[in-house]
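J.: Sharing work.txt, compact mmCIF, C-alpha atoms:
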```
# COMPACT_ATOMS: atom_id res chain seq x y z
CA MET A 1 31.03 0.11 -12.47
CA ALA A 2 28.28 1.45 -14.67
CA ALA A 3 29.10 4.71 -16.36
CA HIS A 4 25.59 6.07 -15.90
CA SER A 5 23.21 5.69 -12.97
CA HIS A 6 20.03 5.03 -14.93
CA GLU A 7 21.53 2.01 -16.69
CA GLU A 8 23.19 0.27 -13.78
CA HIS A 9 22.36 -3.21 -15.08
CA THR A 10 24.34 -2.81 -18.31
CA HIS A 11 28.06 -3.47 -18.84
CA ALA A 12 28.72 0.03 -20.15
CA GLN A 13 32.24 1.13 -19.21
CA ARG A 14 34.00 4.47 -19.20
CA VAL A 15 35.08 5.70 -22.64
CA SER A 16 38.73 5.54 -21.50
CA PHE A 17 38.37 1.78 -20.93
CA TYR A 18 37.59 1.22 -24.63
CA ALA A 19 40.21 3.74 -25.79
CA LYS A 20 42.95 2.06 -23.71
CA THR A 21 41.93 -1.33 -25.09
CA LEU A 22 42.30 0.00 -28.64
CA TRP A 23 45.74 1.45 -27.86
CA VAL A 24 47.00 -1.87 -26.49
CA LEU A 25 45.69 -3.65 -29.62
CA MET A 26 47.47 -1.12 -31.86
CA VAL A 27 50.77 -1.59 -30.02
CA LEU A 28 50.43 -5.37 -30.44
CA LEU A 29 49.72 -4.88 -34.17
CA VAL A 30 52.96 -2.89 -34.55
CA VAL A 31 54.89 -5.53 -32.57
CA THR A 32 53.56 -8.41 -34.70
CA VAL A 33 54.45 -6.65 -38.00
CA TRP A 34 57.91 -5.79 -36.62
CA ALA A 35 58.47 -9.40 -35.48
CA GLY A 36 57.38 -10.59 -38.93
CA PHE A 37 60.34 -8.80 -40.50
CA LEU A 38 62.91 -10.16 -38.02
CA LYS A 39 63.79 -13.26 -40.08
CA LEU A 40 63.37 -15.51 -37.07
CA PRO A 41 63.63 -19.30 -37.51
CA ASP A 42 60.27 -20.65 -38.61
CA TRP A 43 59.21 -22.31 -35.34
CA LEU A 44 60.07 -19.19 -33.30
CA GLY A 45 58.46 -16.80 -35.80
CA ILE A 46 55.18 -18.70 -35.83
CA ALA A 47 55.25 -19.05 -32.02
CA VAL A 48 55.70 -15.27 -31.60
CA ALA A 49 53.02 -14.45 -34.22
CA LEU A 50 50.47 -16.82 -32.68
CA THR A 51 51.21 -15.71 -29.10
CA ILE A 52 50.54 -12.09 -30.09
CA ALA A 53 47.39 -13.10 -32.03
CA VAL A 54 46.03 -15.08 -29.05
CA THR A 55 46.78 -12.13 -26.74
CA LYS A 56 44.96 -9.72 -29.08
CA ALA A 57 41.97 -12.07 -29.41
CA THR A 58 41.78 -12.50 -25.61
CA ILE A 59 41.81 -8.72 -25.12
CA VAL A 60 38.99 -8.29 -27.68
CA ILE A 61 36.95 -11.10 -26.05
CA MET A 62 37.42 -9.80 -22.51
CA ASN A 63 37.06 -6.04 -23.04
CA PHE A 64 35.12 -5.41 -26.27
CA MET A 65 32.90 -8.48 -26.03
CA HIS A 66 32.34 -7.84 -22.31
CA VAL A 67 32.99 -11.47 -21.31
CA ARG A 68 34.89 -10.05 -18.32
CA PHE A 69 31.55 -8.70 -17.03
CA SER A 70 29.28 -11.52 -18.21
CA SER A 71 27.65 -14.36 -16.29
CA LYS A 72 29.46 -17.60 -15.43
CA LEU A 73 27.37 -19.41 -18.03
CA ALA A 74 28.58 -17.03 -20.76
CA TRP A 75 32.16 -17.74 -19.62
CA LEU A 76 31.46 -21.45 -19.90
CA PHE A 77 30.08 -21.12 -23.45
CA ALA A 78 32.95 -18.92 -24.65
CA GLY A 79 35.52 -21.17 -22.97
CA ALA A 80 33.94 -24.41 -24.25
CA GLY A 81 34.20 -23.15 -27.83
CA PHE A 82 37.94 -22.70 -27.60
CA PHE A 83 38.31 -25.98 -25.72
CA TRP A 84 36.60 -27.79 -28.62
CA LEU A 85 38.79 -25.93 -31.07
CA ILE A 86 41.89 -27.22 -29.26
CA ILE A 87 40.50 -30.79 -29.41
CA MET A 88 39.99 -30.43 -33.19
CA PHE A 89 43.55 -29.14 -33.68
CA ALA A 90 45.11 -31.72 -31.38
CA PHE A 91 43.40 -34.70 -33.05
CA ALA A 92 43.98 -33.43 -36.59
CA PHE A 93 47.69 -32.74 -35.95
CA ALA A 94 48.19 -36.01 -34.06
CA ASP A 95 46.75 -37.81 -37.09
CA TYR A 96 49.04 -36.11 -39.61
CA ALA A 97 52.10 -36.32 -37.34
CA SER A 98 51.70 -40.08 -36.84
CA ARG A 99 50.85 -41.10 -40.42
CA HIS A 100 54.41 -41.92 -41.42
CA TRP A 101 54.72 -44.34 -38.48
CA GLU A 102 52.37 -46.75 -40.25
CA PRO A 103 52.75 -45.98 -43.95
CA VAL A 104 49.71 -46.79 -46.05
CA GLN A 105 49.84 -46.40 -49.81
CA GLY A 106 48.09 -43.29 -51.09
CA TRP A 107 48.47 -41.21 -47.89
CA MET B 1 4.37 -14.24 -14.58
CA VAL B 2 3.05 -12.03 -17.40
CA SER B 3 -0.27 -13.03 -18.95
CA VAL B 4 -0.73 -12.95 -22.72
CA ARG B 5 -3.19 -10.06 -22.34
CA GLU B 6 -0.71 -8.09 -20.23
CA ALA B 7 2.00 -8.71 -22.81
CA GLU B 8 -0.34 -7.47 -25.56
CA LEU B 9 -1.15 -4.34 -23.60
CA HIS B 10 2.55 -3.80 -23.03
CA LEU B 11 3.23 -3.99 -26.77
CA ILE B 12 0.30 -1.68 -27.65
CA GLU B 13 1.46 0.84 -25.08
CA HIS B 14 5.22 0.81 -25.69
CA GLY B 15 5.91 -0.96 -28.99
CA ARG B 16 9.57 -1.91 -28.99
CA GLU B 17 10.46 1.15 -26.97
CA VAL B 18 10.72 -0.94 -23.82
CA PRO B 19 12.34 -4.38 -23.99
CA HIS B 20 9.61 -6.98 -23.84
CA LEU B 21 10.03 -9.61 -21.14
CA GLY B 22 9.36 -13.09 -22.51
CA GLU B 23 6.96 -15.21 -20.51
CA GLN B 24 9.63 -17.80 -19.73
CA TYR B 25 11.91 -15.30 -17.95
CA GLU B 26 11.76 -13.94 -14.43
CA THR B 27 13.66 -10.72 -15.04
CA ILE B 28 15.01 -8.71 -17.94
CA GLU B 29 18.56 -9.52 -16.78
CA GLN B 30 17.84 -13.23 -17.05
CA GLN B 31 16.44 -12.69 -20.54
CA ASN B 32 19.51 -10.68 -21.60
CA ASP B 33 21.76 -13.44 -20.25
CA ALA B 34 19.89 -15.97 -22.38
CA TYR B 35 20.39 -13.76 -25.46
CA THR B 36 24.11 -13.50 -24.72
CA ILE B 37 24.53 -17.25 -24.28
CA GLY B 38 22.59 -17.97 -27.48
CA MET B 39 24.82 -15.57 -29.37
CA TRP B 40 27.93 -17.21 -27.91
CA ALA B 41 26.66 -20.63 -28.99
CA PHE B 42 26.43 -19.22 -32.53
CA ILE B 43 29.91 -17.67 -32.32
CA VAL B 44 31.41 -20.91 -31.01
CA GLN B 45 30.16 -22.84 -34.04
CA GLU B 46 31.56 -20.07 -36.27
CA VAL B 47 34.89 -20.47 -34.46
CA LEU B 48 34.86 -24.19 -35.21
CA PHE B 49 33.84 -23.53 -38.83
CA PHE B 50 36.84 -21.24 -39.39
CA GLY B 51 38.91 -23.53 -37.15
CA GLY B 52 38.63 -26.37 -39.67
CA LEU B 53 40.15 -24.10 -42.32
CA PHE B 54 42.92 -23.01 -39.98
CA ALA B 55 43.69 -26.65 -39.11
CA SER B 56 44.02 -27.69 -42.77
CA TYR B 57 46.05 -24.57 -43.54
CA ALA B 58 48.43 -25.51 -40.70
CA VAL B 59 48.86 -29.06 -42.04
CA TYR B 60 49.78 -27.88 -45.57
CA ARG B 61 51.87 -24.98 -44.33
CA PHE B 62 53.94 -27.58 -42.46
CA LYS B 63 54.07 -29.92 -45.44
CA TYR B 64 54.93 -27.35 -48.15
CA LEU B 65 56.64 -24.68 -46.05
CA TYR B 66 59.07 -23.41 -48.73
CA GLU B 67 56.39 -23.14 -51.42
CA PHE B 68 53.95 -21.43 -49.01
CA VAL B 69 56.61 -18.95 -47.86
CA ALA B 70 57.45 -18.11 -51.49
CA ALA B 71 53.75 -17.66 -52.36
CA HIS B 72 53.01 -15.49 -49.30
CA HIS B 73 55.67 -12.97 -50.37
CA THR B 74 53.35 -11.85 -53.17
CA LEU B 75 50.83 -10.62 -50.53
CA SER B 76 51.25 -7.01 -49.46
CA VAL B 77 52.07 -6.70 -45.73
CA VAL B 78 51.19 -2.99 -45.99
CA PHE B 79 47.66 -3.76 -47.20
CA GLY B 80 47.27 -6.53 -44.61
CA ALA B 81 48.48 -4.33 -41.75
CA LEU B 82 46.30 -1.44 -42.93
CA ASN B 83 43.27 -3.73 -42.96
CA THR B 84 44.11 -5.02 -39.46
CA PHE B 85 44.31 -1.41 -38.29
CA VAL B 86 40.98 -0.58 -39.95
CA LEU B 87 39.22 -3.60 -38.40
CA LEU B 88 40.63 -2.93 -34.92
CA VAL B 89 39.38 0.66 -35.09
CA SER B 90 35.98 -0.60 -36.31
CA SER B 91 35.85 -2.90 -33.26
CA TYR B 92 36.45 0.17 -31.08
CA THR B 93 33.69 2.19 -32.80
CA MET B 94 31.38 -0.85 -32.46
CA ALA B 95 32.13 -1.04 -28.72
CA ARG B 96 31.33 2.69 -28.48
CA ALA B 97 28.03 2.15 -30.33
CA VAL B 98 27.10 -0.62 -27.87
CA ARG B 99 28.01 1.64 -24.96
CA ALA B 100 25.87 4.48 -26.36
CA ALA B 101 22.97 2.05 -26.85
CA MET B 102 23.24 0.94 -23.21
CA LEU B 103 23.19 4.56 -22.08
CA GLN B 104 20.23 5.37 -24.40
CA GLN B 105 22.32 7.95 -26.29
CA HIS B 106 20.75 7.22 -29.65
CA LYS B 107 22.44 9.97 -31.62
CA THR B 108 25.92 8.86 -30.46
CA GLN B 109 24.90 5.28 -31.15
CA PHE B 110 23.88 6.24 -34.70
CA LYS B 111 27.15 8.12 -35.24
CA TYR B 112 29.34 5.21 -34.10
CA LEU B 113 27.36 2.68 -36.13
CA LEU B 114 28.04 4.82 -39.22
CA TRP B 115 31.75 4.95 -38.32
CA THR B 116 31.80 1.16 -38.02
CA ILE B 117 30.16 0.81 -41.46
CA PHE B 118 32.68 3.31 -42.82
CA PHE B 119 35.71 1.32 -41.58
CA ALA B 120 34.17 -1.97 -42.68
CA SER B 121 33.74 -0.47 -46.17
CA ILE B 122 37.38 0.66 -46.26
CA PHE B 123 38.32 -2.93 -45.42
CA MET B 124 36.26 -4.21 -48.36
CA VAL B 125 37.69 -1.62 -50.77
CA ASN B 126 41.24 -2.66 -49.78
CA LYS B 127 40.30 -6.29 -50.30
CA TYR B 128 38.98 -5.40 -53.75
CA PHE B 129 42.35 -3.86 -54.69
CA GLU B 130 44.22 -6.87 -53.34
CA TYR B 131 42.01 -9.35 -55.20
CA SER B 132 42.30 -7.41 -58.48
CA SER B 133 46.08 -7.38 -58.22
CA LYS B 134 46.04 -11.17 -57.71
CA TYR B 135 43.75 -11.49 -60.72
CA HIS B 136 46.07 -9.32 -62.76
CA HIS B 137 49.04 -11.57 -61.86
CA GLN B 138 47.13 -14.77 -62.67
CA LEU B 139 47.22 -15.90 -59.06
CA ILE B 140 43.53 -16.85 -58.88
CA PRO B 141 43.57 -20.66 -58.32
CA ASN B 142 41.73 -21.68 -61.50
CA GLN B 143 42.77 -23.07 -64.91
CA SER B 144 44.68 -19.91 -65.84
CA TYR B 145 46.74 -19.99 -62.62
CA SER B 146 50.45 -19.48 -63.16
CA ALA B 147 53.28 -19.52 -60.59
CA GLU B 148 55.30 -17.14 -62.78
CA GLU B 149 54.59 -14.13 -60.55
CA VAL B 150 55.67 -16.11 -57.44
CA ILE B 151 58.91 -17.16 -59.16
CA HIS B 152 59.55 -13.63 -60.44
CA HIS B 153 58.71 -11.99 -57.10
CA ASN B 154 61.10 -14.26 -55.15
CA HIS B 155 63.87 -14.11 -57.84
CA LEU B 156 63.82 -17.92 -57.98
CA LYS B 157 65.94 -19.73 -60.57
CA VAL B 158 64.23 -22.24 -62.84
CA ASP B 159 66.55 -24.82 -64.40
CA ASN B 160 65.44 -27.75 -66.58
CA GLY B 161 61.90 -27.49 -65.21
CA MET B 162 63.20 -27.52 -61.62
CA VAL B 163 62.59 -24.59 -59.26
CA ASP B 164 65.51 -23.86 -56.93
CA LEU B 165 64.16 -23.07 -53.43
CA GLY B 166 67.57 -22.71 -51.83
CA LYS B 167 67.44 -25.71 -49.50
CA ARG B 168 65.69 -27.98 -52.01
CA LYS B 169 64.57 -28.22 -55.62
CA VAL B 170 61.07 -29.07 -56.78
CA SER B 171 59.66 -29.53 -60.27
CA LEU B 172 57.84 -26.56 -61.77
CA GLU B 173 54.66 -28.65 -61.86
CA GLU B 174 54.85 -29.41 -58.12
CA PHE B 175 55.77 -25.80 -57.36
CA THR B 176 52.77 -24.56 -59.35
CA GLY B 177 50.39 -26.99 -57.60
CA ARG B 178 51.65 -26.19 -54.11
CA THR B 179 51.63 -22.40 -54.49
CA LYS B 180 48.18 -22.72 -56.08
CA LEU B 181 47.12 -24.52 -52.89
CA PHE B 182 48.34 -21.55 -50.87
CA PHE B 183 46.19 -19.20 -52.94
CA SER B 184 43.21 -21.54 -52.58
CA PHE B 185 43.57 -21.17 -48.79
CA TYR B 186 44.08 -17.43 -49.15
CA PHE B 187 40.94 -16.89 -51.24
CA ILE B 188 38.70 -19.29 -49.30
CA MET B 189 39.71 -17.94 -45.89
CA THR B 190 39.77 -14.22 -46.71
CA GLY B 191 36.73 -14.68 -48.97
CA LEU B 192 34.62 -16.25 -46.23
CA HIS B 193 35.87 -13.60 -43.83
CA GLY B 194 34.98 -10.88 -46.34
CA LEU B 195 31.51 -12.38 -46.67
CA HIS B 196 31.12 -12.03 -42.90
CA VAL B 197 32.20 -8.39 -43.15
CA LEU B 198 29.60 -7.79 -45.89
CA VAL B 199 26.83 -9.41 -43.82
CA GLY B 200 27.99 -7.28 -40.88
CA ILE B 201 27.68 -4.09 -42.95
CA ILE B 202 24.06 -4.97 -43.84
CA ILE B 203 23.08 -5.68 -40.22
CA LEU B 204 24.89 -2.55 -39.01
CA ALA B 205 22.93 -0.49 -41.57
CA ILE B 206 19.64 -1.87 -40.20
CA LEU B 207 20.76 -1.02 -36.64
CA ALA B 208 21.76 2.48 -37.75
CA VAL B 209 18.27 3.12 -39.18
CA ARG B 210 16.72 1.90 -35.91
CA ALA B 211 19.07 4.06 -33.83
CA TYR B 212 18.19 7.12 -35.92
CA SER B 213 14.48 6.47 -35.52
CA ASP B 214 14.94 6.04 -31.75
CA HIS B 215 16.79 9.36 -31.73
CA ILE B 216 14.07 11.21 -33.70
CA ARG B 217 11.29 9.79 -31.52
CA ARG B 218 13.33 10.33 -28.33
CA VAL B 219 12.73 6.77 -27.11
CA PRO B 220 13.74 6.70 -23.44
CA HIS B 221 14.25 2.94 -22.86
CA ALA B 222 15.07 1.25 -26.16
CA ASP B 223 16.26 -2.37 -26.06
CA TYR B 224 20.05 -2.26 -26.41
CA MET B 225 20.46 -6.04 -26.73
CA PRO B 226 20.28 -6.19 -30.57
CA VAL B 227 23.21 -3.77 -30.74
CA GLU B 228 25.17 -5.70 -28.13
CA MET B 229 24.58 -9.02 -29.96
CA VAL B 230 25.65 -7.59 -33.33
CA GLY B 231 28.65 -6.17 -31.47
CA LEU B 232 29.62 -9.71 -30.40
CA TYR B 233 29.39 -10.84 -34.03
CA TRP B 234 31.44 -7.89 -35.23
CA HIS B 235 34.22 -8.47 -32.68
CA PHE B 236 34.29 -12.13 -33.68
CA VAL B 237 34.86 -11.13 -37.33
CA ASP B 238 37.71 -8.92 -36.09
CA ILE B 239 39.22 -11.87 -34.18
CA VAL B 240 39.21 -14.07 -37.31
CA TRP B 241 41.22 -11.38 -39.09
CA ILE B 242 43.59 -11.08 -36.10
CA PHE B 243 44.60 -14.69 -36.92
CA LEU B 244 44.40 -14.47 -40.72
CA PHE B 245 46.78 -11.51 -40.91
CA PRO B 246 49.86 -13.07 -39.25
CA LEU B 247 49.25 -16.53 -40.74
CA LEU B 248 48.79 -15.44 -44.37
CA TYR B 249 50.62 -12.12 -44.66
CA LEU B 250 53.46 -12.45 -42.13
CA MET B 251 53.69 -16.24 -41.87
CA GLY B 252 55.87 -16.06 -38.80
CA GLY B 253 59.40 -17.04 -39.78
CA GLN B 254 61.21 -17.21 -43.11
```
Show how you would write the structure in this file as structure tokens.

T.:
Amino acid sequence: MAAHSHEEHTHAQRVSFYAKTLWVLMVLLVVTVWAGFLKLPDWLGIAVALTIAVTKATIVIMNFMHVRFSSKLAWLFAGAGFFWLIIMFAFAFADYASRHWEPVQGW
Amino acid sequence: MVSVREAELHLIEHGREVPHLGEQYETIEQQNDAYTIGMWAFIVQEVLFFGGLFASYAVYRFKYLYEFVAAHHTLSVVFGALNTFVLLVSSYTMARAVRAAMLQQHKTQFKYLLWTIFFASIFMVNKYFEYSSKYHHQLIPNQSYSAEEVIHHNHLKVDNGMVDLGKRKVSLEEFTGRTKLFFSFYFIMTGLHGLHVLVGIIILAILAVRAYSDHIRRVPHADYMPVEMVGLYWHFVDIVWIFLFPLLYLMGGQ
């Protein structure tokens, strides 16, 4: 779906595609600020804030960064990065969460 | 296969007006794919670099929740939201610049690159105001740091050197140290992010000069990949802020 015939190999989209993406991001920005003032319990507040942030980031990656239209290998690289990020978080949090099971002085 | 001589002739004839196909590639599409994957490899290591900061922030936010919540109230949600707005719009103008580059519309490309620089600069100016207000209130985490502004801002009661946080009391010394830790995270994370914005502005300026020269010389087939790669970087910087804003300014719950 190239927007211009002489550049059919590029990922150029219609202008409306980028404009709609921006509108969705703006709506999500308003929602996240609104949710921030709701005085939700901490676990719920952070879950809502992070869900909206992940949604926004995914929209930027897919539409603005053109991953949606990129090769399988580009998908793999982008996906691997976030997979590694999850490993880092999981191991770091598992460490801190389990420290009090085996108390060691100075921790 | 392109011989060295052929490649030389190609450069003499077209300069950088036509993307040059490297000897190791079969087609220009394959070459562009390789560029994209290389750029993603760079972005992934940037993600992990910021990820380490996010992970340690999460650990201490969990550990010192009450102190972090009190400290975050001194940040201005209005400024933070305004900067999120500005960066999201700059991502849009960047995407439009990339689109124009792909379609060889160099004047449009130039215009949108300037818009992106403009919004990035607004972001930096806002950050300057925010940082100066923190400096003014002695919230820079150095020797002259004082939690007084945090206590005053949250109307906290201090009794016998103990700060009353509602559900628990901590000593003023502990309170000072823990809120100072919050501001250390705030300045390191937003500072490194701001550095990325500054670097982005410089690269965008170089691209803008190139786009203008392509426009003047009416280059018909300029290589759009540099613009697309810088676009990836710019969107990544936007994504970091998408996470910094709710975690530092909104903090989720209360």

J.: Can you work out which residues from chain A touch chain B at a cut-off of 6 Å (counting only C-alpha atoms) and hand them back as a list in words?

T.: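 Taken together, these residues fit the definition: Ala12, Gly36, Lys39, Leu40, Pro41, Asp42, Gly45, Ile46, Ala49, Ala53, Ala57, Phe64, Met65, Ala74, Gly81, Leu85 and Phe89 of chain A.
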
J.: Which residue gives the smallest distance to B:Met189 among B:Tyr25, B:Tyr57, B:Phe129, B:Phe123, with only C-alpha atoms counted?

T.: B:Tyr57

J.: What separation in Å, quoted to one decimal, exists between atom CA of A:Gln13 and atom CA of A:Leu25?

T.: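 A separation of 17.7 Å between them.
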
J.: Between atom CA of B:Pro141 and atom CA of B:Val199, measure the distance and give it in Å to one decimal.

T.: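 Atom CA of B:Pro141 sits 24.8 Å away from atom CA of B:Val199.
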
J.: One decimal, Å: what's the distance from atom CA of A:Gly79 over to atom CA of A:Met62, could you say?

T.: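 Between atom CA of A:Gly79 and atom CA of A:Met62 the gap is 11.5 Å.
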
J.: Output as lines of an AutoDock Vina configuration file the centre and edge lengths (Å, one decimal) of the box along x, y and z of the file that holds every listed atom of stretch 50-65 of chain A after adding 6 Å on each side.

T.:
```
center_x = 42.1
center_y = -11.1
center_z = -27.6
size_x = 30.3
size_y = 23.4
size_z = 22.2
```

J.: Excluding B:Met124 and residues on its chain fewer than 5 positions from it, collect all residues at most 12 Å away from it, counting only C-alpha atoms, and give them as a short mmCIF file (atom, residue, chain, number, x, y, z; two decimals) with C-alpha atoms, in the coordinates of the input.

T.:
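Produced file part.cif, reproduced below:
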```
data_model
loop_
_atom_site.label_atom_id
_atom_site.label_comp_id
_atom_site.auth_asym_id
_atom_site.auth_seq_id
_atom_site.Cartn_x
_atom_site.Cartn_y
_atom_site.Cartn_z
CA PHE B 79 47.66 -3.76 -47.20
CA GLY B 80 47.27 -6.53 -44.61
CA LEU B 82 46.30 -1.44 -42.93
CA ASN B 83 43.27 -3.73 -42.96
CA THR B 84 44.11 -5.02 -39.46
CA VAL B 86 40.98 -0.58 -39.95
CA LEU B 87 39.22 -3.60 -38.40
CA ILE B 117 30.16 0.81 -41.46
CA PHE B 118 32.68 3.31 -42.82
CA PHE B 119 35.71 1.32 -41.58
CA PHE B 129 42.35 -3.86 -54.69
CA GLU B 130 44.22 -6.87 -53.34
CA TYR B 131 42.01 -9.35 -55.20
CA THR B 190 39.77 -14.22 -46.71
CA GLY B 191 36.73 -14.68 -48.97
CA HIS B 193 35.87 -13.60 -43.83
CA GLY B 194 34.98 -10.88 -46.34
CA LEU B 195 31.51 -12.38 -46.67
CA HIS B 196 31.12 -12.03 -42.90
CA VAL B 197 32.20 -8.39 -43.15
CA LEU B 198 29.60 -7.79 -45.89
CA VAL B 199 26.83 -9.41 -43.82
CA GLY B 200 27.99 -7.28 -40.88
CA ILE B 201 27.68 -4.09 -42.95
#
```

J.: Which residue gives the smallest distance to A:Thr32 among A:Ile52, A:Ala47, A:Ala90, A:Ala19, with only C-alpha atoms counted?

T.: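 For A:Thr32, the nearest of the candidates is A:Ile52.
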
J.: What's around B:Asp214 at 12 Å? Count only C-alpha atoms, leave out sequence neighbours fewer than 2 positions away in its own chain, and write the answer as a short mmCIF file (atom, residue, chain, number, x, y, z; two decimals) with C-alpha atoms, keeping the file's coordinate frame.

T.:
```
data_model
loop_
_atom_site.label_atom_id
_atom_site.label_comp_id
_atom_site.auth_asym_id
_atom_site.auth_seq_id
_atom_site.Cartn_x
_atom_site.Cartn_y
_atom_site.Cartn_z
CA GLY B 15 5.91 -0.96 -28.99
CA ARG B 16 9.57 -1.91 -28.99
CA GLU B 17 10.46 1.15 -26.97
CA VAL B 18 10.72 -0.94 -23.82
CA ALA B 101 22.97 2.05 -26.85
CA GLN B 104 20.23 5.37 -24.40
CA GLN B 105 22.32 7.95 -26.29
CA HIS B 106 20.75 7.22 -29.65
CA LYS B 107 22.44 9.97 -31.62
CA THR B 108 25.92 8.86 -30.46
CA GLN B 109 24.90 5.28 -31.15
CA PHE B 110 23.88 6.24 -34.70
CA LEU B 207 20.76 -1.02 -36.64
CA ALA B 208 21.76 2.48 -37.75
CA VAL B 209 18.27 3.12 -39.18
CA ARG B 210 16.72 1.90 -35.91
CA ALA B 211 19.07 4.06 -33.83
CA TYR B 212 18.19 7.12 -35.92
CA ILE B 216 14.07 11.21 -33.70
CA ARG B 217 11.29 9.79 -31.52
CA ARG B 218 13.33 10.33 -28.33
CA VAL B 219 12.73 6.77 -27.11
CA PRO B 220 13.74 6.70 -23.44
CA HIS B 221 14.25 2.94 -22.86
CA ALA B 222 15.07 1.25 -26.16
CA ASP B 223 16.26 -2.37 -26.06
CA TYR B 224 20.05 -2.26 -26.41
#
```
